[in-house]
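Engineer: So that you have it, the file is input.pdb, and it contains PDB, C-alpha atoms:
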```
ATOM      1  CA  MET H 136     213.957  10.880 105.195
ATOM      2  CA  ASN H 137     212.959   7.479 106.365
ATOM      3  CA  PHE H 138     209.270   7.380 107.156
ATOM      4  CA  VAL H 139     209.214   3.593 106.921
ATOM      5  CA  THR H 140     211.487   3.392 109.962
ATOM      6  CA  ALA H 141     209.375   6.032 111.716
ATOM      7  CA  VAL H 142     206.150   4.091 111.241
ATOM      8  CA  GLN H 143     207.757   0.773 112.145
ATOM      9  CA  THR H 144     209.257   2.263 115.304
ATOM     10  CA  LEU H 145     205.915   3.649 116.436
ATOM     11  CA  VAL H 146     204.045   0.417 115.725
ATOM     12  CA  ASP H 147     206.682  -1.664 117.500
ATOM     13  CA  ALA H 148     206.513   0.654 120.509
ATOM     14  CA  GLY H 149     202.763   0.097 120.737
ATOM     15  CA  VAL H 150     201.838   3.711 119.962
ATOM     16  CA  ASP H 151     198.160   4.212 119.119
ATOM     17  CA  PHE H 152     198.127   6.383 115.995
ATOM     18  CA  VAL H 153     196.464   6.768 112.611
ATOM     19  CA  ILE H 154     198.296   7.752 109.427
ATOM     20  CA  ILE H 155     196.629  10.769 107.837
ATOM     21  CA  GLY H 156     197.657  13.299 105.175
ATOM     22  CA  GLY H 157     199.926  12.528 102.250
ATOM     23  CA  TRP H 158     200.969   9.038 103.308
ATOM     24  CA  SER H 159     197.343   8.081 103.799
ATOM     25  CA  ALA H 160     196.679   9.329 100.265
ATOM     26  CA  ILE H 161     199.592   7.214  99.015
ATOM     27  CA  LEU H 162     198.230   4.140 100.799
ATOM     28  CA  HIS H 163     194.928   4.691  98.972
ATOM     29  CA  GLY H 164     196.633   5.004  95.591
ATOM     30  CA  SER H 165     197.566   8.667  95.192
ATOM     31  CA  SER H 166     200.557   9.358  92.976
ATOM     32  CA  HIS H 167     201.411  12.602  94.801
ATOM     33  CA  THR H 168     204.657  12.718  96.736
ATOM     34  CA  THR H 169     204.958  14.092 100.228
ATOM     35  CA  ASN H 170     207.739  15.521 102.351
ATOM     36  CA  ASP H 171     206.316  14.749 105.747
ATOM     37  CA  LEU H 172     204.519  12.120 107.753
ATOM     38  CA  ASP H 173     201.236  13.241 109.313
ATOM     39  CA  LEU H 174     199.896  11.234 112.219
ATOM     40  CA  CYS H 175     196.896  11.580 114.501
ATOM     41  CA  PHE H 176     197.702  10.314 117.990
ATOM     42  CA  SER H 177     195.731   9.254 121.029
ATOM     43  CA  ARG H 178     196.139  11.570 124.014
ATOM     44  CA  GLN H 179     195.745   8.733 126.517
ATOM     45  CA  SER H 180     198.446   9.084 129.148
ATOM     46  CA  GLU H 181     200.108   5.738 128.445
ATOM     47  CA  ASN H 182     200.132   6.491 124.719
ATOM     48  CA  LEU H 183     201.818   9.862 125.216
ATOM     49  CA  LYS H 184     204.536   8.106 127.192
ATOM     50  CA  CYS H 185     205.040   5.484 124.450
ATOM     51  CA  LEU H 186     205.036   8.133 121.730
ATOM     52  CA  ALA H 187     207.540  10.345 123.538
ATOM     53  CA  GLN H 188     209.876   7.419 124.213
ATOM     54  CA  ALA H 189     209.611   6.003 120.701
ATOM     55  CA  LEU H 190     210.506   9.244 118.927
ATOM     56  CA  ALA H 191     213.116  10.440 121.440
ATOM     57  CA  ALA H 192     215.893   8.493 119.716
ATOM     58  CA  PHE H 193     215.320  10.527 116.541
ATOM     59  CA  HIS H 194     215.819  13.907 118.252
ATOM     60  CA  PRO H 195     212.460  15.556 117.598
ATOM     61  CA  ARG H 196     212.363  19.327 117.666
ATOM     62  CA  LEU H 197     209.653  21.810 116.744
ATOM     63  CA  ARG H 198     210.361  23.041 113.222
ATOM     64  CA  ASP H 199     209.269  26.597 113.946
ATOM     65  CA  LEU H 200     211.343  26.908 117.109
ATOM     66  CA  PRO H 201     214.521  29.010 116.801
ATOM     67  CA  GLY H 202     217.623  26.831 117.109
ATOM     68  CA  ASN H 203     218.896  28.624 120.211
ATOM     69  CA  LEU H 204     215.751  27.949 122.259
ATOM     70  CA  PRO H 205     215.598  24.817 124.400
ATOM     71  CA  PHE H 206     212.947  22.214 123.667
ATOM     72  CA  VAL H 207     212.058  19.347 125.950
ATOM     73  CA  TRP H 208     210.554  16.324 124.256
ATOM     74  CA  ASP H 209     208.561  14.270 126.725
ATOM     75  CA  GLU H 210     205.038  13.196 127.574
ATOM     76  CA  VAL H 211     204.381  16.439 129.470
ATOM     77  CA  THR H 212     205.136  18.444 126.339
ATOM     78  CA  LEU H 213     202.822  16.156 124.395
ATOM     79  CA  ARG H 214     200.076  16.554 127.003
ATOM     80  CA  ASN H 215     200.301  20.342 126.746
ATOM     81  CA  GLY H 216     199.685  20.559 123.023
ATOM     82  CA  THR H 217     197.565  19.161 120.241
ATOM     83  CA  VAL H 218     199.676  19.955 117.178
ATOM     84  CA  PHE H 219     203.413  19.282 116.890
ATOM     85  CA  THR H 220     205.283  20.003 113.686
ATOM     86  CA  LEU H 221     208.548  18.182 114.259
ATOM     87  CA  SER H 222     211.814  17.835 112.469
ATOM     88  CA  THR H 223     213.458  14.523 113.334
ATOM     89  CA  ASP H 224     216.428  12.494 112.155
ATOM     90  CA  LEU H 225     213.927  10.553 110.036
ATOM     91  CA  GLY H 226     212.317  13.604 108.427
ATOM     92  CA  ALA H 227     209.439  15.953 109.152
ATOM     93  CA  ILE H 228     206.742  14.381 111.302
ATOM     94  CA  ASP H 229     203.525  16.209 112.163
ATOM     95  CA  LEU H 230     201.555  14.967 115.151
ATOM     96  CA  LEU H 231     197.928  16.016 115.509
ATOM     97  CA  ALA H 232     195.517  15.146 118.308
ATOM     98  CA  GLU H 233     192.569  15.890 116.041
ATOM     99  CA  VAL H 234     191.857  16.228 112.358
ATOM    100  CA  THR H 235     189.864  19.097 110.885
ATOM    101  CA  GLY H 236     186.727  17.776 109.218
ATOM    102  CA  VAL H 237     186.849  14.462 111.065
ATOM    103  CA  GLY H 238     187.307  15.171 114.770
ATOM    104  CA  ASP H 239     189.344  13.934 117.709
ATOM    105  CA  PHE H 240     191.409  10.763 117.785
ATOM    106  CA  ASP H 241     188.472   8.492 118.633
ATOM    107  CA  LYS H 242     186.541   9.784 115.615
ATOM    108  CA  VAL H 243     189.611   9.502 113.409
ATOM    109  CA  LYS H 244     190.187   5.923 114.550
ATOM    110  CA  ALA H 245     186.518   5.137 113.964
ATOM    111  CA  HIS H 246     186.956   6.280 110.357
ATOM    112  CA  SER H 247     190.158   4.411 109.732
ATOM    113  CA  GLU H 248     191.180   1.152 108.128
ATOM    114  CA  LEU H 249     193.753  -1.410 109.210
ATOM    115  CA  ILE H 250     196.101  -1.864 106.315
ATOM    116  CA  GLN H 251     199.172  -4.012 105.659
ATOM    117  CA  ALA H 252     202.056  -1.724 104.726
ATOM    118  CA  PHE H 253     205.438  -0.588 106.066
ATOM    119  CA  ASP H 254     205.890  -4.327 106.883
ATOM    120  CA  ARG H 255     203.392  -3.804 109.682
ATOM    121  CA  SER H 256     199.644  -3.508 110.280
ATOM    122  CA  VAL H 257     198.890   0.202 110.401
ATOM    123  CA  TRP H 258     195.766   2.327 110.765
ATOM    124  CA  THR H 259     195.061   4.931 108.142
ATOM    125  CA  LEU H 260     192.154   7.278 107.598
ATOM    126  CA  ASP H 261     189.636   5.782 105.172
ATOM    127  CA  LEU H 262     189.371   7.426 101.766
ATOM    128  CA  PRO H 263     186.032   9.278 102.257
ATOM    129  CA  SER H 264     187.292  10.721 105.569
ATOM    130  CA  LEU H 265     190.628  11.675 104.055
ATOM    131  CA  ILE H 266     188.759  13.589 101.350
ATOM    132  CA  ARG H 267     186.634  15.273 104.022
ATOM    133  CA  ALA H 268     189.760  16.237 105.977
ATOM    134  CA  LYS H 269     191.530  17.623 102.920
ATOM    135  CA  ARG H 270     188.485  19.646 101.946
ATOM    136  CA  ALA H 271     188.069  20.989 105.478
ATOM    137  CA  ALA H 272     191.765  21.895 105.735
ATOM    138  CA  GLY H 273     191.236  24.000 102.629
ATOM    139  CA  ARG H 274     194.881  24.830 101.999
ATOM    140  CA  GLU H 275     195.985  24.952  98.397
ATOM    141  CA  LYS H 276     198.141  21.846  98.765
ATOM    142  CA  ASP H 277     195.174  19.950 100.238
ATOM    143  CA  LEU H 278     192.728  21.077  97.577
ATOM    144  CA  ARG H 279     195.177  20.193  94.814
ATOM    145  CA  VAL H 280     195.063  16.506  95.727
ATOM    146  CA  LEU H 281     191.249  16.355  95.960
ATOM    147  CA  PRO H 282     190.472  15.600  92.289
ATOM    148  CA  GLU H 283     192.825  12.637  92.407
ATOM    149  CA  LEU H 284     191.390  11.276  95.664
ATOM    150  CA  GLU H 285     187.829  11.718  94.431
ATOM    151  CA  SER H 286     188.749   9.867  91.245
ATOM    152  CA  LEU H 287     190.160   7.001  93.293
ATOM    153  CA  LEU H 288     186.982   6.909  95.364
ATOM    154  CA  ASP H 289     184.713   6.946  92.321
ATOM    155  CA  ALA H 290     186.825   4.313  90.565
ATOM    156  CA  ARG H 291     186.499   2.015  93.587
ATOM    157  CA  GLU H 292     182.779   2.600  94.161
ATOM    158  CA  PRO H 293     180.647  -0.538  93.907
ATOM    159  CA  GLU H 294     178.140  -0.601  91.049
TER
ATOM    160  CA  MET N 123     187.148   1.110 111.958
ATOM    161  CA  ARG N 124     187.620  -1.886 109.726
ATOM    162  CA  GLN N 125     190.073  -4.000 107.822
ATOM    163  CA  TYR N 126     191.182  -2.594 104.459
ATOM    164  CA  HIS N 127     190.012  -4.790 101.610
ATOM    165  CA  PRO N 128     192.149  -4.817  98.476
ATOM    166  CA  LEU N 129     190.285  -4.665  95.196
ATOM    167  CA  THR N 130     189.246  -8.015  93.760
ATOM    168  CA  PRO N 131     190.309  -8.631  90.142
ATOM    169  CA  ALA N 132     186.763  -7.776  89.012
ATOM    170  CA  GLU N 133     186.728  -4.550  91.064
ATOM    171  CA  LEU N 134     190.148  -3.597  89.722
ATOM    172  CA  ALA N 135     188.986  -4.197  86.151
ATOM    173  CA  ARG N 136     185.931  -2.009  86.784
ATOM    174  CA  ALA N 137     188.089   0.727  88.348
ATOM    175  CA  GLU N 138     190.471   0.648  85.382
ATOM    176  CA  GLU N 139     187.557   0.878  82.976
ATOM    177  CA  ARG N 140     186.188   3.908  84.811
ATOM    178  CA  LEU N 141     189.590   5.593  84.772
ATOM    179  CA  CYS N 142     190.264   4.751  81.110
ATOM    180  CA  HIS N 143     186.818   5.886  80.003
ATOM    181  CA  PRO N 144     185.545   8.487  82.464
ATOM    182  CA  THR N 145     181.814   9.124  82.547
ATOM    183  CA  PRO N 146     181.119  12.504  80.904
ATOM    184  CA  GLY N 147     180.346  15.092  83.571
ATOM    185  CA  GLY N 148     181.662  12.894  86.366
ATOM    186  CA  ARG N 149     184.370  13.620  88.905
ATOM    187  CA  ILE N 150     186.924  11.417  87.144
ATOM    188  CA  GLU N 151     186.507  13.377  83.939
ATOM    189  CA  ALA N 152     186.758  16.604  85.939
ATOM    190  CA  ALA N 153     190.007  15.358  87.477
ATOM    191  CA  GLN N 154     191.359  14.583  84.005
ATOM    192  CA  ARG N 155     190.485  18.115  82.887
ATOM    193  CA  PHE N 156     192.186  19.395  86.063
ATOM    194  CA  GLY N 157     195.377  17.718  84.829
ATOM    195  CA  ILE N 158     195.426  14.459  86.758
ATOM    196  CA  ASP N 159     197.191  11.697  84.856
ATOM    197  CA  LEU N 160     194.667   8.890  85.273
ATOM    198  CA  THR N 161     197.115   6.296  83.948
ATOM    199  CA  LEU N 162     199.223   6.901  87.056
ATOM    200  CA  LEU N 163     196.192   6.110  89.206
ATOM    201  CA  ILE N 164     195.621   2.876  87.310
ATOM    202  CA  GLU N 165     199.237   1.952  87.921
ATOM    203  CA  GLN N 166     198.889   2.744  91.629
ATOM    204  CA  LEU N 167     195.671   0.753  91.954
ATOM    205  CA  ARG N 168     197.414  -2.308  90.540
ATOM    206  CA  LEU N 169     199.851  -2.190  93.454
ATOM    207  CA  THR N 170     199.179  -3.286  97.004
ATOM    208  CA  PRO N 171     199.380  -0.589  99.698
ATOM    209  CA  ALA N 172     202.694  -2.119 100.813
ATOM    210  CA  GLU N 173     204.059  -1.809  97.269
ATOM    211  CA  ARG N 174     202.847   1.824  97.066
ATOM    212  CA  VAL N 175     204.719   2.623 100.281
ATOM    213  CA  ARG N 176     207.858   0.864  99.060
ATOM    214  CA  ARG N 177     207.770   2.771  95.788
ATOM    215  CA  MET N 178     207.209   6.141  97.488
ATOM    216  CA  HIS N 179     209.967   5.375  99.972
ATOM    217  CA  GLU N 180     212.352   4.794  97.054
ATOM    218  CA  VAL N 181     211.248   8.084  95.458
ATOM    219  CA  CYS N 182     211.873   9.932  98.742
ATOM    220  CA  GLN N 183     215.305   8.346  99.143
ATOM    221  CA  ALA N 184     216.270   9.196  95.560
ATOM    222  CA  ALA N 185     215.069  12.796  95.975
ATOM    223  CA  GLU N 186     217.063  13.118  99.174
ATOM    224  CA  GLN N 187     220.205  11.813  97.478
ATOM    225  CA  MET N 188     219.751  14.319  94.657
ATOM    226  CA  ARG N 189     219.239  17.158  97.120
ATOM    227  CA  GLY N 190     222.389  16.071  98.966
ATOM    228  CA  ALA N 191     224.374  15.972  95.736
ATOM    229  CA  ALA N 192     223.081  19.415  94.732
ATOM    230  CA  ARG N 193     224.085  20.826  98.126
ATOM    231  CA  ARG N 194     227.575  19.335  97.805
ATOM    232  CA  ASP N 195     227.943  20.803  94.293
ATOM    233  CA  ARG N 196     227.057  24.289  95.533
ATOM    234  CA  LYS N 197     229.818  24.198  98.186
TER
END
```
Could you quickly redo this structure as structure tokens?
Structural biologist:
Amino acid sequence: MNFVTAVQTLVDAGVDFVIIGGWSAILHGSSHTTNDLDLCFSRQSENLKCLAQALAAFHPRLRDLPGNLPFVWDEVTLRNGTVFTLSTDLGAIDLLAEVTGVGDFDKVKAHSELIQAFDRSVWTLDLPSLIRAKRAAGREKDLRVLPELESLLDAREPE
Amino acid sequence: MRQYHPLTPAELARAEERLCHPTPGGRIEAAQRFGIDLTLLIEQLRLTPAERVRRMHEVCQAAEQMRGAARRDRK
């Protein structure tokens, strides 16, 4: 797993994306660990091309696809879907065109913060929106992290 | 869409105080009852986002090495 390299590669390639999920929680101060990198990506044509090219070197493949079935990783594939759960040489990377509880990429970007991390400037979902997304997702693993995120939000609240 | 602002020393002190002494009936106290170790949050808040990423990256790398070693031992 090397999500630092993954993020750096995407930033350097000019991909328009926002870090969501577990790594966003970590950026905001969560102590939970995560096994994957969740990203929300812009579906603009040029961005799909950049995204496809940037990740190609790390041999992305759908995690739920049987090994004997062919999978073509390119901008056309990206255009034809909104959720991609990928295994790559760098680890599991999930690409989402929209985030439950927040909306499409433009809404996600509007609720994001530019943060210095991964030795780059990266966009990540702001803490209130991350909480909203986790609550809306409603899976056990999302709900489990909510008390911690809400504590971080309350601890940071101005007086 | 905005620039992330790290906590000022005064804001960090206030956040630590809230986490060390949660308001009764508040969400921080509820999180503590839920089993969240609030001291870990204090530790995380003292770090910059870049330091949090670096630390988590090291944890991931260490976990991967352990998994690799466990796999090799099973063979």
Engineer: Could you jot down the atom CA of His167 of chain H to atom CA of Ile158 of chain N separation for me, Å, one decimal place?
Structural biologist: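 A separation of 10.2 Å between them.
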Engineer: Selected by the PyMOL selection byres ((chain H and resi 151) around 6) in the shown coordinates: which residues, as a VMD selection string?
Structural biologist: chain H and resid 150 152 177
Engineer: With C-alpha atoms retained, could you export that selection as a short mmCIF file (atom, residue, chain, number, x, y, z; two decimals), in the frame of the given file?
Structural biologist:
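Heads up, here's the output in selection-v9.cif:
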```
data_model
loop_
_atom_site.label_atom_id
_atom_site.label_comp_id
_atom_site.auth_asym_id
_atom_site.auth_seq_id
_atom_site.Cartn_x
_atom_site.Cartn_y
_atom_site.Cartn_z
CA VAL H 150 201.84 3.71 119.96
CA PHE H 152 198.13 6.38 116.00
CA SER H 177 195.73 9.25 121.03
#
```
Engineer: Please list as an mmCIF file with C-alpha atoms, in the frame of the given file every residue within 9 Å of Glu138 of chain N, counting only C-alpha atoms and excluding residues in the same chain fewer than 5 positions away.
Structural biologist:
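Output contents, as saved in part.cif:
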```cif
data_model
loop_
_atom_site.group_PDB
_atom_site.id
_atom_site.type_symbol
_atom_site.label_atom_id
_atom_site.label_comp_id
_atom_site.auth_asym_id
_atom_site.auth_seq_id
_atom_site.Cartn_x
_atom_site.Cartn_y
_atom_site.Cartn_z
ATOM 1 C CA ALA H 290 186.825 4.313 90.565
ATOM 2 C CA GLU N 133 186.728 -4.550 91.064
ATOM 3 C CA HIS N 143 186.818 5.886 80.003
ATOM 4 C CA THR N 161 197.115 6.296 83.948
ATOM 5 C CA LEU N 163 196.192 6.110 89.206
ATOM 6 C CA ILE N 164 195.621 2.876 87.310
ATOM 7 C CA LEU N 167 195.671 0.753 91.954
#
```
Engineer: For the atom pair atom CA of Gln143 of chain H and atom CA of Phe253 of chain H, what is the interatomic distance in Å to one decimal place?
Structural biologist: 6.6 Å
Engineer: I'd like to see the residues matched by the PyMOL selection byres ((chain H) within 7 of (chain N)) on this file, and ideally I'd get them as a ChimeraX atom specification.
Structural biologist: /H:136,161-166,244-253,282-283,285-286,290-291
Engineer: I'd like the interatomic distance between atom CA of Asp261 of chain H and atom CA of Ala160 of chain H, to a tenth of an Å.
Structural biologist: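 These two atoms are separated by 9.3 Å.
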Engineer: Excluding Ala227 of chain H and residues on its chain fewer than 3 positions from it, collect all residues at most 10 Å away from it, counting all atoms listed in the file, and give them as a list in words.
Structural biologist: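 Close residues of Ala227 of chain H: Met136, Asn137, Phe138, Asn170, Asp171, Leu172, Asp173, Pro195, Arg196, Leu197, Arg198, Thr220, Leu221, Ser222, Thr223, Asp224 and Leu230 of chain H.
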Engineer: Those residues with C-alpha atoms, as a PDB file, in the coordinates of the input please?
Structural biologist:
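Listed below is the output, again-v2.pdb:
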```
ATOM      1  CA  MET H 136     213.957  10.880 105.195  1.00  0.00           C
ATOM      2  CA  ASN H 137     212.959   7.479 106.365  1.00  0.00           C
ATOM      3  CA  PHE H 138     209.270   7.380 107.156  1.00  0.00           C
ATOM      4  CA  ASN H 170     207.739  15.521 102.351  1.00  0.00           C
ATOM      5  CA  ASP H 171     206.316  14.749 105.747  1.00  0.00           C
ATOM      6  CA  LEU H 172     204.519  12.120 107.753  1.00  0.00           C
ATOM      7  CA  ASP H 173     201.236  13.241 109.313  1.00  0.00           C
ATOM      8  CA  PRO H 195     212.460  15.556 117.598  1.00  0.00           C
ATOM      9  CA  ARG H 196     212.363  19.327 117.666  1.00  0.00           C
ATOM     10  CA  LEU H 197     209.653  21.810 116.744  1.00  0.00           C
ATOM     11  CA  ARG H 198     210.361  23.041 113.222  1.00  0.00           C
ATOM     12  CA  THR H 220     205.283  20.003 113.686  1.00  0.00           C
ATOM     13  CA  LEU H 221     208.548  18.182 114.259  1.00  0.00           C
ATOM     14  CA  SER H 222     211.814  17.835 112.469  1.00  0.00           C
ATOM     15  CA  THR H 223     213.458  14.523 113.334  1.00  0.00           C
ATOM     16  CA  ASP H 224     216.428  12.494 112.155  1.00  0.00           C
ATOM     17  CA  LEU H 230     201.555  14.967 115.151  1.00  0.00           C
TER      18      LEU H 230
END
```
Engineer: Reconstruct segment 264-282 of chain H at the level of N, CA and C atoms, and format the result as a JSON list (two decimals), in the coordinates of the input.
Structural biologist:
```
[["chain", "number", "residue", "atom", "x", "y", "z"],
["H", 264, "SER", "N", 186.93, 9.81, 104.47],
["H", 264, "SER", "CA", 187.29, 10.72, 105.57],
["H", 264, "SER", "C", 188.52, 11.54, 105.21],
["H", 265, "LEU", "N", 189.44, 10.94, 104.50],
["H", 265, "LEU", "CA", 190.63, 11.68, 104.06],
["H", 265, "LEU", "C", 190.21, 12.82, 103.13],
["H", 266, "ILE", "N", 189.27, 12.55, 102.25],
["H", 266, "ILE", "CA", 188.76, 13.59, 101.35],
["H", 266, "ILE", "C", 188.10, 14.70, 102.16],
["H", 267, "ARG", "N", 187.30, 14.28, 103.16],
["H", 267, "ARG", "CA", 186.63, 15.27, 104.02],
["H", 267, "ARG", "C", 187.67, 16.14, 104.74],
["H", 268, "ALA", "N", 188.72, 15.51, 105.24],
["H", 268, "ALA", "CA", 189.76, 16.24, 105.98],
["H", 268, "ALA", "C", 190.50, 17.21, 105.06],
["H", 269, "LYS", "N", 190.81, 16.76, 103.86],
["H", 269, "LYS", "CA", 191.53, 17.62, 102.92],
["H", 269, "LYS", "C", 190.67, 18.83, 102.54],
["H", 270, "ARG", "N", 189.37, 18.55, 102.32],
["H", 270, "ARG", "CA", 188.48, 19.65, 101.95],
["H", 270, "ARG", "C", 188.36, 20.64, 103.09],
["H", 271, "ALA", "N", 188.23, 20.12, 104.31],
["H", 271, "ALA", "CA", 188.07, 20.99, 105.48],
["H", 271, "ALA", "C", 189.34, 21.80, 105.75],
["H", 272, "ALA", "N", 190.50, 21.18, 105.51],
["H", 272, "ALA", "CA", 191.76, 21.90, 105.74],
["H", 272, "ALA", "C", 191.85, 23.10, 104.80],
["H", 273, "GLY", "N", 191.43, 22.88, 103.55],
["H", 273, "GLY", "CA", 191.24, 24.00, 102.63],
["H", 273, "GLY", "C", 192.49, 24.69, 102.14],
["H", 274, "ARG", "N", 193.66, 24.19, 102.50],
["H", 274, "ARG", "CA", 194.88, 24.83, 102.00],
["H", 274, "ARG", "C", 195.07, 24.43, 100.54],
["H", 275, "GLU", "N", 195.82, 25.23, 99.82],
["H", 275, "GLU", "CA", 195.98, 24.95, 98.40],
["H", 275, "GLU", "C", 196.54, 23.55, 98.16],
["H", 276, "LYS", "N", 197.51, 23.16, 98.97],
["H", 276, "LYS", "CA", 198.14, 21.85, 98.76],
["H", 276, "LYS", "C", 197.15, 20.71, 99.07],
["H", 277, "ASP", "N", 196.19, 20.97, 99.94],
["H", 277, "ASP", "CA", 195.17, 19.95, 100.24],
["H", 277, "ASP", "C", 194.16, 19.87, 99.10],
["H", 278, "LEU", "N", 193.75, 21.03, 98.63],
["H", 278, "LEU", "CA", 192.73, 21.08, 97.58],
["H", 278, "LEU", "C", 193.25, 20.50, 96.26],
["H", 279, "ARG", "N", 194.56, 20.66, 96.06],
["H", 279, "ARG", "CA", 195.18, 20.19, 94.81],
["H", 279, "ARG", "C", 195.07, 18.67, 94.66],
["H", 280, "VAL", "N", 195.06, 17.98, 95.78],
["H", 280, "VAL", "CA", 195.06, 16.51, 95.73],
["H", 280, "VAL", "C", 193.63, 15.95, 95.67],
["H", 281, "LEU", "N", 192.64, 16.82, 95.90],
["H", 281, "LEU", "CA", 191.25, 16.36, 95.96],
["H", 281, "LEU", "C", 190.75, 15.68, 94.68],
["H", 282, "PRO", "N", 190.98, 16.26, 93.50],
["H", 282, "PRO", "CA", 190.47, 15.60, 92.29],
["H", 282, "PRO", "C", 191.00, 14.17, 92.13]]
```
